[in-house]
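**Q** Here's a structure for you.
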Amino acid sequence: MELLSDPHAWIAFLTLTGLELVLGIDNIIFISILVDKLPEARRDLARRIGLALAMVMRIGLLFLLAWISGLIEPLFTAFRHEISGRDLILIAGGLFLIWKSTKEIHQLLEGEKGEASAAVAATFSGVILQVTILDIVFSLDSIITAVGMVDEVEVMIAAVIASVLLMMAFAGGIGRFVSAHPTVKMLALAFLFVIGVVLIADGFDHHVPKGYVYFAMAFSVCVEMLNLRMRKRVAPPVELRDRYTRGGG
């Protein structure tokens with residue numbers, strides 16, 4: 001009850017909820033691209049399960065703060081950098097993101113054949129498994145950020161639940177929009193590729209502020225929105241006809 005009447009707790013809650021939403025953008029995009037391979041009737045269910053798993057993992061990790069702090073301890077040295085358990089998770093997650101986004105881009109470039117083969121290969125359990133793998137990476141990154149900002153576990157849990165509920169509310173619309181516009185989907189895949197590179201760099205102690213990445217992608221999306229709007233307003237092209245010749249001359 002003391003936290004409910006504490007203005008500092010509310011400020012921390014709102015700030016952390018906003019930050020969790022920003023950090024969850026890549027999670028929403030990844031889930032949207034994966035569930036797009038499933039039959040339309042099962043996409044919303046897979047999307048909700050994926051985001052629910054993300055919430056459960058984040059809350060679970062909050063109760064394992066001692067374990068998370070232990071992950072920061074160095075395990076071995078590679079390329080003159082000390083590698084910890086957290087670093088290994090980030091590097092593995094980054095490699096998975098790069099592999100997955102590259103594979104998806106390749107299938108998009110193959111056209112209808114590539115999309116058909118991807119649709120055949122995708123299963124509900126397979127999609128959920130891939131979502132779970134990336135949820136672990138994104139949850140770890142998110143919780144480490146939360147621990148650095150807020151001291152009260154209750155505030156962290158409330159912010160995680162609020163942010164995931166908001167993501168659930170908007171994920172369907174974002175997923176349908178990405179699915180309906182191939183150029184936006186390509187941008188999303190490029191975004192995931194860059195996030196994979198950032199995770200690997202972070203695993204090797206080369207921290208790249210995600211704000212730069214998010215700004216660049218937001219700018220690209222704004223430009224693409226203008227392109228989509230312009231395409232809708234463009235008049236149909238003029239139809240050229242053969243030159244008229246009099247009397248077969």
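Here, A, B, ... name the chains of the structure tokens in the order displayed, residue numbers run from 1 inside each chain, and ligands are numbered from 1 in the same displayed order.
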List every residue of segment 74-133 of chain A that DSSP, applied to the backbone of this structure, assigns to alpha helix (DSSP H), and report them as a PyMOL selection string.
**A** chain A and resi 85-109+112-121+124-133
**Q** Would you write out those residues with C-alpha atoms, as a tab-separated table (two decimals), in the first residue's frame?
**A**
```tsv
chain	number	residue	atom	x	y	z
A	85	GLY	CA	26.92	-16.59	-19.00
A	86	ARG	CA	24.92	-13.50	-19.94
A	87	ASP	CA	27.31	-12.82	-22.83
A	88	LEU	CA	26.88	-16.38	-24.12
A	89	ILE	CA	23.09	-16.00	-24.09
A	90	LEU	CA	23.29	-12.66	-25.93
A	91	ILE	CA	25.74	-14.02	-28.54
A	92	ALA	CA	23.65	-17.15	-29.13
A	93	GLY	CA	20.48	-15.06	-29.40
A	94	GLY	CA	22.16	-12.64	-31.79
A	95	LEU	CA	23.38	-15.48	-34.02
A	96	PHE	CA	19.88	-16.99	-34.02
A	97	LEU	CA	18.34	-13.64	-35.00
A	98	ILE	CA	20.84	-13.13	-37.83
A	99	TRP	CA	20.27	-16.66	-39.14
A	100	LYS	CA	16.48	-16.39	-38.89
A	101	SER	CA	16.19	-12.93	-40.47
A	102	THR	CA	18.59	-13.89	-43.31
A	103	LYS	CA	16.56	-17.05	-43.99
A	104	GLU	CA	13.29	-15.07	-44.03
A	105	ILE	CA	14.74	-12.44	-46.40
A	106	HIS	CA	15.95	-15.21	-48.71
A	107	GLN	CA	12.47	-16.76	-48.77
A	108	LEU	CA	10.88	-13.37	-49.48
A	109	LEU	CA	13.25	-12.80	-52.40
A	112	GLU	CA	5.76	-17.35	-54.12
A	113	LYS	CA	7.83	-20.55	-54.12
A	114	GLY	CA	9.79	-19.44	-51.08
A	115	GLU	CA	6.63	-18.41	-49.21
A	116	ALA	CA	4.95	-21.71	-50.07
A	117	SER	CA	7.90	-23.77	-48.81
A	118	ALA	CA	8.06	-21.72	-45.60
A	119	ALA	CA	4.34	-22.19	-45.02
A	120	VAL	CA	4.64	-25.96	-45.44
A	121	ALA	CA	7.63	-26.17	-43.08
A	124	PHE	CA	2.37	-24.35	-34.51
A	125	SER	CA	4.72	-26.01	-32.01
A	126	GLY	CA	7.77	-25.06	-34.11
A	127	VAL	CA	6.74	-21.40	-34.19
A	128	ILE	CA	6.12	-21.36	-30.42
A	129	LEU	CA	9.54	-22.98	-29.82
A	130	GLN	CA	11.31	-20.30	-31.87
A	131	VAL	CA	9.37	-17.57	-30.07
A	132	THR	CA	10.37	-19.10	-26.72
A	133	ILE	CA	14.08	-19.10	-27.66
```
**Q** For Ile143 of chain A, please output as a list in words all residues within 8 Å (counting only C-alpha atoms; exclusion window: fewer than 6 positions along the same chain).
**A**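 Near Ile143 of chain A, the qualifying residues are Arg58, Leu61 and Leu62 of chain A.
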**Q** Could the residues in this selection be saved with N, CA and C atoms as a CSV table (one decimal), in the first residue's frame?
**A**
```csv
chain,number,residue,atom,x,y,z
A,58,ARG,N,9.8,-12.9,-18.1
A,58,ARG,CA,10.3,-11.7,-17.4
A,58,ARG,C,10.0,-11.7,-15.9
A,61,LEU,N,12.3,-14.3,-14.2
A,61,LEU,CA,13.6,-13.8,-14.1
A,61,LEU,C,13.7,-12.8,-12.9
A,62,LEU,N,12.7,-12.0,-12.7
A,62,LEU,CA,12.7,-11.0,-11.6
A,62,LEU,C,12.9,-11.7,-10.2
```
**Q** Show me, as a PyMOL selection string, the residues that have an atom within 12 Å of Arg47 of chain A when counting only C-alpha atoms, minus same-chain residues fewer than 4 positions from it.
**A** chain A and resi 27-38+40-43+51-54+124+127-128+131-132+164+167-176
**Q** Please determine, counting only C-alpha atoms, which residue among A:Ser84, A:Val56, A:Ile72, A:Arg48 has the shortest atom-to-atom distance to Ile161 of chain A.
**A**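 Residue with the minimum atom-to-atom distance to Ile161 of chain A: A:Val56.
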**Q** Tell me, which residues of segment 35-235 of chain A carry DSSP strand (DSSP E), written as a VMD selection string?
**A** chain A and resid 74 to 78 81 to 84
**Q** Can you tell me how far atom CA of Tyr214 of chain A sits from atom CA of Ala9 of chain A, in Å to one decimal?
**A**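 Atom-to-atom, atom CA of Tyr214 of chain A to atom CA of Ala9 of chain A, that is 27.0 Å.
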**Q** Please indicate the distance in Å from atom CA of Thr17 of chain A to atom CA of Leu166 of chain A, rounded to one decimal place.
**A**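 Pair atom CA of Thr17 of chain A / atom CA of Leu166 of chain A returns 9.5 Å.
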**Q** Would you pick out the contacts of Ala216 of chain A at 12 Å or less, using only C-alpha atoms, so that residues sharing its chain but fewer than 6 positions from it are not included, and give the list as an mmCIF file with N, CA, C and O atoms, in the first residue's frame?
**A**
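Here's the written file result07.cif:
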```
data_model
loop_
_atom_site.group_PDB
_atom_site.id
_atom_site.type_symbol
_atom_site.label_atom_id
_atom_site.label_comp_id
_atom_site.auth_asym_id
_atom_site.auth_seq_id
_atom_site.Cartn_x
_atom_site.Cartn_y
_atom_site.Cartn_z
ATOM 1 N N LEU A 187 11.753 -4.378 -44.131
ATOM 2 C CA LEU A 187 12.345 -3.451 -43.160
ATOM 3 C C LEU A 187 12.409 -4.087 -41.775
ATOM 4 O O LEU A 187 13.411 -3.950 -41.061
ATOM 5 N N ALA A 190 15.204 -6.548 -41.673
ATOM 6 C CA ALA A 190 16.480 -5.837 -41.586
ATOM 7 C C ALA A 190 16.714 -5.335 -40.162
ATOM 8 O O ALA A 190 17.843 -5.386 -39.642
ATOM 9 N N PHE A 191 15.640 -4.881 -39.519
ATOM 10 C CA PHE A 191 15.707 -4.422 -38.133
ATOM 11 C C PHE A 191 16.143 -5.564 -37.212
ATOM 12 O O PHE A 191 17.011 -5.390 -36.353
ATOM 13 N N VAL A 194 19.836 -6.284 -37.624
ATOM 14 C CA VAL A 194 20.664 -5.297 -36.915
ATOM 15 C C VAL A 194 20.639 -5.564 -35.414
ATOM 16 O O VAL A 194 21.675 -5.474 -34.738
ATOM 17 N N ILE A 195 19.468 -5.901 -34.865
ATOM 18 C CA ILE A 195 19.373 -6.222 -33.438
ATOM 19 C C ILE A 195 20.252 -7.427 -33.108
ATOM 20 O O ILE A 195 20.913 -7.469 -32.067
ATOM 21 N N PRO A 209 24.374 1.710 -28.161
ATOM 22 C CA PRO A 209 23.088 2.202 -27.642
ATOM 23 C C PRO A 209 21.941 1.851 -28.586
ATOM 24 O O PRO A 209 21.983 2.182 -29.772
ATOM 25 N N LYS A 210 20.930 1.169 -28.066
ATOM 26 C CA LYS A 210 19.812 0.755 -28.914
ATOM 27 C C LYS A 210 19.006 1.945 -29.418
ATOM 28 O O LYS A 210 18.270 1.827 -30.393
ATOM 29 N N CYS A 222 9.036 5.629 -41.136
ATOM 30 C CA CYS A 222 8.326 6.866 -41.508
ATOM 31 C C CYS A 222 8.442 7.139 -43.002
ATOM 32 O O CYS A 222 7.458 7.517 -43.658
ATOM 33 N N VAL A 223 9.645 6.941 -43.557
ATOM 34 C CA VAL A 223 9.834 7.119 -44.996
ATOM 35 C C VAL A 223 8.985 6.126 -45.776
ATOM 36 O O VAL A 223 8.345 6.467 -46.784
#
```
**Q** Out of A:Leu64, A:Ile11, A:Ile25, A:Val137, which residue has the shortest atom-to-atom distance to Ile200 of chain A when counting only C-alpha atoms?
**A** A:Val137
